[in-house]
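Undergrad: The file below is coords09.cif, mmCIF, C-alpha atoms:
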```cif
data_my_file
loop_
_atom_site.label_atom_id
_atom_site.label_comp_id
_atom_site.auth_asym_id
_atom_site.auth_seq_id
_atom_site.Cartn_x
_atom_site.Cartn_y
_atom_site.Cartn_z
CA MET A 1 -1.64 19.97 42.70
CA LEU A 2 -0.69 23.15 40.87
CA PRO A 3 -0.09 22.93 37.10
CA ILE A 4 3.50 22.86 35.88
CA SER A 5 4.54 26.41 35.06
CA SER A 6 8.34 26.19 34.77
CA SER A 7 10.19 25.67 31.49
CA GLN A 8 12.98 24.06 33.54
CA ASN A 9 10.81 21.18 34.70
CA PRO A 10 12.51 17.92 33.55
CA THR A 11 9.37 16.68 31.79
CA ILE A 12 9.00 19.95 29.89
CA LYS A 13 12.68 19.94 28.93
CA LEU A 14 12.39 16.35 27.65
CA ILE A 15 9.37 17.11 25.49
CA ARG A 16 10.94 20.25 24.09
CA SER A 17 14.05 18.27 23.15
CA LEU A 18 11.91 16.00 20.95
CA GLU A 19 11.65 18.84 18.44
CA HIS A 20 15.11 17.71 17.29
CA LYS A 21 15.72 14.63 15.14
CA LYS A 22 18.76 13.42 17.10
CA GLU A 23 16.93 13.65 20.41
CA ARG A 24 13.90 11.81 19.00
CA ARG A 25 16.15 9.09 17.60
CA ASP A 26 18.12 8.69 20.82
CA ALA A 27 15.00 8.62 23.00
CA GLY A 28 12.87 6.63 20.55
CA LEU A 29 9.97 8.98 21.29
CA PHE A 30 7.74 11.45 19.47
CA VAL A 31 4.99 13.96 20.26
CA ALA A 32 1.41 14.12 18.96
CA GLU A 33 -0.96 16.99 19.67
CA GLY A 34 -4.71 17.39 19.86
CA PHE A 35 -7.78 15.38 20.92
CA ALA A 36 -8.52 14.01 17.45
CA MET A 37 -4.96 12.75 17.01
CA LEU A 38 -4.89 11.13 20.44
CA GLU A 39 -8.33 9.56 20.06
CA ARG A 40 -7.09 7.88 16.86
CA ALA A 41 -4.03 6.61 18.74
CA GLU A 42 -6.22 5.26 21.55
CA ALA A 43 -8.57 3.55 19.10
CA LEU A 44 -5.61 1.78 17.49
CA GLY A 45 -4.20 0.55 20.79
CA TRP A 46 -1.35 2.99 21.28
CA VAL A 47 -0.56 3.88 24.89
CA PRO A 48 1.52 7.01 25.50
CA ASP A 49 4.41 7.34 27.91
CA MET A 50 2.93 10.60 29.17
CA VAL A 51 0.07 13.02 28.53
CA LEU A 52 0.17 16.77 29.15
CA ALA A 53 -2.96 18.90 29.20
CA THR A 54 -4.12 22.34 30.28
CA LYS A 55 -7.17 20.77 31.96
CA HIS A 56 -8.28 17.30 32.98
CA VAL A 57 -9.01 15.09 29.96
CA ASP A 58 -10.02 11.46 29.56
CA VAL A 59 -8.37 9.94 26.51
CA PHE A 60 -6.25 7.07 27.83
CA ASP A 61 -7.41 5.02 30.81
CA GLU A 62 -3.84 3.86 31.50
CA VAL A 63 -2.21 7.31 31.62
CA LYS A 64 -3.53 10.25 33.58
CA PRO A 65 -2.62 13.71 32.27
CA THR A 66 -0.05 15.99 33.85
CA ILE A 67 -1.58 19.46 34.03
CA VAL A 68 0.46 22.39 32.67
CA THR A 69 -0.25 26.07 32.22
CA ASP A 70 -1.43 27.52 28.91
CA LYS A 71 1.93 29.26 28.61
CA ILE A 72 3.87 26.00 28.89
CA MET A 73 1.57 24.28 26.39
CA ALA A 74 2.13 27.15 23.96
CA GLU A 75 5.89 26.76 24.37
CA LEU A 76 5.71 23.02 23.64
CA SER A 77 3.29 23.24 20.74
CA GLY A 78 4.50 23.58 17.17
CA GLN A 79 1.29 25.36 16.15
CA ASN A 80 0.12 28.96 16.23
CA ASN A 81 -3.07 27.92 18.02
CA PRO A 82 -1.93 25.26 20.49
CA HIS A 83 -4.14 22.31 21.39
CA ASP A 84 -5.13 21.68 24.99
CA VAL A 85 -3.45 18.27 25.09
CA LEU A 86 -0.40 16.45 23.77
CA ALA A 87 1.12 13.05 24.37
CA VAL A 88 4.52 11.40 24.06
CA PHE A 89 4.69 7.97 22.40
CA LYS A 90 7.34 5.39 21.63
CA GLN A 91 8.25 5.20 17.95
CA ARG A 92 7.34 1.97 16.17
CA TYR A 93 9.17 0.34 13.28
CA GLN A 94 8.42 -3.18 12.08
CA PRO A 95 11.63 -5.18 11.50
CA HIS A 96 10.62 -6.58 8.09
CA PRO A 97 7.83 -6.01 5.57
CA SER A 98 5.50 -8.84 4.67
CA LYS A 99 5.10 -10.07 1.08
CA ASP A 100 1.38 -9.55 0.66
CA GLY A 101 -1.00 -6.73 -0.13
CA LEU A 102 0.29 -3.36 -1.35
CA TRP A 103 3.53 -2.02 0.05
CA LEU A 104 4.84 1.46 -0.75
CA ALA A 105 8.62 1.98 -0.82
CA LEU A 106 9.78 5.61 -0.58
CA GLU A 107 13.41 6.21 -1.54
CA GLU A 108 15.01 9.27 0.07
CA VAL A 109 11.83 11.33 0.34
CA ARG A 110 13.03 14.34 2.33
CA ASP A 111 10.04 16.63 2.84
CA PRO A 112 8.17 15.88 6.10
CA GLY A 113 4.97 17.51 4.87
CA ASN A 114 4.94 15.25 1.82
CA MET A 115 5.80 12.24 3.97
CA GLY A 116 2.92 12.93 6.34
CA THR A 117 0.49 13.39 3.47
CA ILE A 118 1.64 10.11 1.90
CA ILE A 119 1.15 8.31 5.23
CA ARG A 120 -2.36 9.78 5.44
CA THR A 121 -3.18 8.59 1.91
CA ALA A 122 -1.67 5.15 2.52
CA ASP A 123 -3.87 4.78 5.59
CA ALA A 124 -6.97 5.76 3.60
CA VAL A 125 -6.25 3.14 0.92
CA ASP A 126 -5.30 0.52 3.53
CA VAL A 127 -1.77 0.10 2.21
CA LYS A 128 -0.06 -2.75 4.06
CA GLY A 129 2.89 -0.57 5.03
CA ILE A 130 5.52 1.94 3.97
CA ILE A 131 9.21 1.10 3.53
CA LEU A 132 11.54 4.05 4.10
CA VAL A 133 14.56 3.45 1.88
CA GLY A 134 17.86 5.22 2.49
CA ASP A 135 18.01 8.75 3.87
CA CYS A 136 14.31 9.59 4.19
CA CYS A 137 13.06 12.32 6.49
CA ASP A 138 11.95 11.33 9.97
CA PRO A 139 8.29 10.17 9.87
CA TYR A 140 8.03 11.01 13.56
CA SER A 141 9.02 14.66 13.14
CA PRO A 142 6.38 17.15 14.35
CA GLU A 143 5.71 18.33 10.77
CA CYS A 144 5.15 14.80 9.50
CA VAL A 145 3.01 13.74 12.46
CA ARG A 146 0.77 16.81 11.99
CA ALA A 147 0.47 16.24 8.22
CA SER A 148 -0.53 12.62 8.82
CA THR A 149 -3.57 13.81 10.85
CA GLY A 150 -3.41 10.70 13.02
CA SER A 151 -2.52 8.18 10.32
CA ILE A 152 0.99 7.90 11.78
CA PHE A 153 -0.71 5.53 14.25
CA GLY A 154 -2.41 3.48 11.53
CA VAL A 155 0.37 2.70 9.04
CA THR A 156 3.17 0.16 9.51
CA LEU A 157 6.64 1.62 8.94
CA VAL A 158 9.81 -0.27 8.01
CA ARG A 159 13.32 1.16 7.52
CA MET A 160 15.72 -0.34 4.95
CA ASN A 161 18.97 0.59 3.30
CA LEU A 162 19.16 0.37 -0.49
CA ALA A 163 20.93 -3.01 -0.51
CA GLY A 164 18.24 -4.52 1.71
CA MET A 165 15.52 -3.03 -0.47
CA LEU A 166 17.06 -4.50 -3.64
CA ASP A 167 17.18 -7.95 -2.05
CA PHE A 168 13.57 -7.61 -0.90
CA ALA A 169 12.40 -6.48 -4.35
CA LYS A 170 14.18 -9.43 -5.98
CA ALA A 171 12.16 -11.86 -3.84
CA TRP A 172 8.82 -10.04 -4.24
CA PRO A 173 6.13 -12.47 -5.52
CA GLY A 174 4.13 -9.98 -7.65
CA ASP A 175 4.84 -6.80 -9.61
CA VAL A 176 7.49 -4.36 -8.45
CA VAL A 177 6.28 -1.08 -9.92
CA GLY A 178 8.43 2.04 -10.14
CA THR A 179 7.46 5.53 -11.28
CA SER A 180 9.61 7.37 -13.81
CA GLY A 181 9.07 10.44 -15.93
CA THR A 182 10.80 8.70 -18.84
CA ALA A 183 8.79 5.46 -18.70
CA ARG A 184 6.69 4.60 -21.76
CA SER A 185 3.90 2.78 -19.97
CA ASP A 186 0.92 4.73 -18.56
CA PHE A 187 0.19 4.03 -14.87
CA ARG A 188 -3.53 3.46 -15.58
CA LYS A 189 -3.39 -0.29 -16.05
CA GLU A 190 -3.73 -3.61 -14.23
CA TYR A 191 -0.94 -5.00 -12.06
CA LEU A 192 0.02 -8.44 -10.79
CA HIS A 193 -0.75 -8.54 -7.08
CA PRO A 194 0.72 -8.35 -4.54
CA VAL A 195 2.32 -5.06 -5.60
CA LEU A 196 5.45 -3.39 -4.30
CA LEU A 197 5.27 0.25 -5.42
CA ALA A 198 8.54 2.20 -5.42
CA MET A 199 8.68 6.00 -5.61
CA GLY A 200 11.69 8.27 -5.43
CA SER A 201 12.63 11.60 -3.94
CA GLU A 202 11.08 14.90 -4.94
CA SER A 203 14.16 16.04 -6.83
CA ARG A 204 15.85 12.91 -8.20
CA GLY A 205 13.19 10.23 -8.49
CA LEU A 206 14.13 6.57 -8.16
CA SER A 207 17.79 5.61 -8.17
CA ALA A 208 19.08 3.65 -11.15
CA ASP A 209 19.58 0.56 -8.99
CA LEU A 210 16.02 0.55 -7.66
CA SER A 211 14.62 1.31 -11.11
CA ARG A 212 16.39 -1.75 -12.51
CA SER A 213 14.85 -3.93 -9.79
CA CYS A 214 11.32 -3.05 -10.96
CA THR A 215 9.32 -5.42 -13.13
CA GLN A 216 7.45 -2.40 -14.53
CA LEU A 217 8.25 1.29 -14.83
CA VAL A 218 5.26 3.57 -15.37
CA ARG A 219 4.65 7.27 -15.78
CA ILE A 220 1.85 9.63 -14.82
CA PRO A 221 1.12 11.60 -18.01
CA MET A 222 1.29 15.39 -17.88
CA LYS A 223 0.97 18.11 -20.47
CA ASP A 224 4.13 19.57 -22.00
CA GLY A 225 5.91 22.14 -19.90
CA VAL A 226 4.95 20.73 -16.49
CA GLU A 227 8.10 19.58 -14.72
CA SER A 228 6.66 17.01 -12.32
CA LEU A 229 3.95 16.29 -9.80
CA ASN A 230 4.45 16.70 -6.08
CA VAL A 231 5.50 13.28 -4.74
CA ALA A 232 2.54 13.16 -2.35
CA THR A 233 0.12 13.80 -5.24
CA ALA A 234 1.85 11.20 -7.40
CA ALA A 235 1.74 8.67 -4.57
CA ALA A 236 -2.00 9.25 -4.11
CA LEU A 237 -2.68 8.61 -7.81
CA MET A 238 -0.55 5.48 -7.80
CA VAL A 239 -1.89 3.81 -4.65
CA TYR A 240 -5.50 4.38 -5.67
CA GLN A 241 -4.80 2.89 -9.10
CA VAL A 242 -2.82 -0.08 -7.77
CA GLY A 243 -4.91 -0.71 -4.68
#
```
Could you spell out this file's structure in structure tokens?

TA:
Amino acid sequence: MLPISSSQNPTIKLIRSLEHKKERRDAGLFVAEGFAMLERAEALGWVPDMVLATKHVDVFDEVKPTIVTDKIMAELSGQNNPHDVLAVFKQRYQPHPSKDGLWLALEEVRDPGNMGTIIRTADAVDVKGIILVGDCCDPYSPECVRASTGSIFGVTLVRMNLAGMLDFAKAWPGDVVGTSGTARSDFRKEYLHPVLLAMGSESRGLSADLSRSCTQLVRIPMKDGVESLNVATAAALMVYQVG
């Protein structure tokens, strides 16, 4: 069978549409590129809906690749140097977080690069899961998936509105820790486990409501004149200290 070479092929049109947040949300799908990314997915038990490749590859026993031309792969790829393989997966969200281990709540974090880096760090520290509070960016966007370097398949994700998050924090059995530039307490300390760690958006930080729900507010000290740390950097410092 000849490789797919037409941009009007229905499969190609579907995958291209997943560049857009609305289409990803409506379809409940996302795209991951590259052998390393797909090998991580396979190792963690993810099975794609479809695999596209420029040559025959063996990654998933259950799904054989559809062969496409290099030109089509380049059109579908979000990278300057396209990989030889990509796959389409169903998005996964857990309905509710558990009340054990370390959970990271991100309130209205909007930058997909930061989100992907945080997911990667959370995976490295074995965080129990990430709660996306309010209007966060899409963790299944191409930018976020790439920045996660495969950890999108290894971290549990939960979505919550602010009201649900406040109720959950109220019932949390250990410390609810929030970060704030105005807090007096240094983050380098011991915490009562399990820990629910709340961090806010890049520009506004935690909302007043979520800050009030915390049992502790802590700061990451910086020298005078430095405005703030990147939220992904701050999250890395916090999860390694807490975890």

Undergrad: Around (3.1, -10.3, -6.8), as given in the file, which residues come within 9 Å? Count only C-alpha atoms and list them as a list in words.

TA: Lys99, Asp100, Gly101, Trp172, Pro173, Gly174, Asp175, Val176, Tyr191, Leu192, His193, Pro194, Val195 and Leu196 of chain A

Undergrad: Using all atoms listed in the file, determine which residues lie at most 7 Å from A:Glu202, disregarding the query and same-chain residues fewer than 4 positions distant; provide the list as a PDB file with C-alpha atoms, keeping the file's coordinate frame.

TA:
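So part.pdb came out as:
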```pdb
ATOM      1  CA  VAL A 109      11.830  11.330   0.340  1.00  0.00           C
ATOM      2  CA  ASN A 230       4.450  16.700  -6.080  1.00  0.00           C
ATOM      3  CA  VAL A 231       5.500  13.280  -4.740  1.00  0.00           C
TER       4      VAL A 231
END
```

Undergrad: I'd like to know which of A:Thr54, A:Ser151, A:Thr156, A:Ser201 is closest to A:Ala124, using all atoms listed in the file.

TA: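 Of A:Thr54, A:Ser151, A:Thr156, A:Ser201, the one nearest A:Ala124 is A:Ser151, counting all atoms listed in the file.
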
Undergrad: Report the distance between atom CA of A:Phe60 and atom CA of A:Gly34 in Å, rounded to one decimal place.

TA: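 Going from atom CA of A:Phe60 over to atom CA of A:Gly34, I get 13.1 Å.
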
Undergrad: Quick one: everything within 9 Å of A:Val177, counting only C-alpha atoms, minus sequence neighbours fewer than 6 positions away in the same chain. Send it as a ChimeraX atom specification.

TA: /A:191,195-199,211,214-218

Undergrad: For stretch 75-82 of chain A, work out the shell of residues within 8 Å, counting only C-alpha atoms and skipping chain neighbours fewer than 6 positions away, then give it as a PDB file with C-alpha atoms, keeping the file's coordinate frame.

TA:
```pdb
ATOM      1  CA  ILE A  12       9.000  19.950  29.890  1.00  0.00           C
ATOM      2  CA  ILE A  15       9.370  17.110  25.490  1.00  0.00           C
ATOM      3  CA  ARG A  16      10.940  20.250  24.090  1.00  0.00           C
ATOM      4  CA  GLU A  33      -0.960  16.990  19.670  1.00  0.00           C
ATOM      5  CA  PRO A 142       6.380  17.150  14.350  1.00  0.00           C
TER       6      PRO A 142
END
```

Undergrad: Select, from A:Val31, A:Ile4, A:Leu162, A:Met50, the residue with the minimum atom-to-atom distance to A:Val68, counting all atoms listed in the file.

TA: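 For A:Val68, the nearest of the given residues is A:Ile4.
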
Undergrad: Take atom CA of A:Ala234 and atom CA of A:Ala105 and report the distance between them in Å, one decimal.

TA: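 Distance reported for this atom pair: 13.2 Å.
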
Undergrad: Using the chain letters and residue numbers of this document, give as a PyMOL selection string the residues selected by the PyMOL selection byres ((chain A and resi 104) around 12).

TA: chain A and resi 97-103+105-107+115+118-119+121-123+125-133+155-159+165+169+176-179+194-200+235-236+238-240+242-243

Undergrad: Given the point (1.7, 6.5, 20.8) in the coordinates of this file, which residues lie within 10 Å, counting all atoms listed in the file, and how would they look as a list in words?

TA: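 Residues lying no farther than 10 Å from the given point: Leu29, Phe30, Val31, Ala32, Met37, Leu38, Arg40, Ala41, Glu42, Leu44, Gly45, Trp46, Val47, Pro48, Asp49, Met50, Ala87, Val88, Phe89, Lys90, Gln91, Arg92, Ile152 and Phe153 of chain A.
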
Undergrad: Which residue is closest to A:Leu52? Choose from A:Pro65, A:Pro221, A:Gly181, A:Gly164 and count all atoms listed in the file.

TA: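 Between A:Pro65, A:Pro221, A:Gly181, A:Gly164, the residue approaching A:Leu52 most closely is A:Pro65.
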
Undergrad: Please measure the separation of atom CA of A:Cys136 and atom CA of A:Lys170, giving the value in Å to one decimal.

TA: 21.6 Å

Undergrad: Would you compute an axis-aligned box for stretch 84-90 of chain A, covering every atom listed for it in the file with 5 Å of margin on each side, and report centre and edge lengths in Å to one decimal as JSON?

TA:
```
{"center_x": 1.1, "center_y": 13.5, "center_z": 23.4, "size_x": 22.5, "size_y": 26.3, "size_z": 13.5}
```

Undergrad: Of the candidates A:Cys144, A:Ile67, A:Ala163, A:Ala183, which shows the shortest atom-to-atom distance to A:Arg219, using only C-alpha atoms?

TA: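 Once distances to A:Arg219 are computed over only C-alpha atoms, the minimum belongs to A:Ala183.
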
Undergrad: Find the residue from A:Cys137, A:Ala232, A:Val85, A:Ala74 that sits nearest to A:Ser7; use only C-alpha atoms when measuring.

TA: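 Of A:Cys137, A:Ala232, A:Val85, A:Ala74, the one nearest A:Ser7 is A:Ala74, counting only C-alpha atoms.
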
Undergrad: With distances taken over all atoms listed in the file, which residue among A:Leu229, A:Leu237, A:Leu166, A:Ala36 lies nearest A:Phe187?

TA: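 Among the listed residues, A:Leu237 lies closest to A:Phe187.
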
Undergrad: Taking the file as I've supplied it (selection: the PyMOL selection byres ((chain A and resi 5) around 9)), which residues are included? Please answer as a list in words.

TA: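 Taken over the shown coordinates, the PyMOL selection byres ((chain A and resi 5) around 9) returns Leu2, Pro3, Ile4, Ser6, Ser7, Gln8, Asn9, Val68, Thr69, Asp70, Lys71 and Ile72 of chain A.
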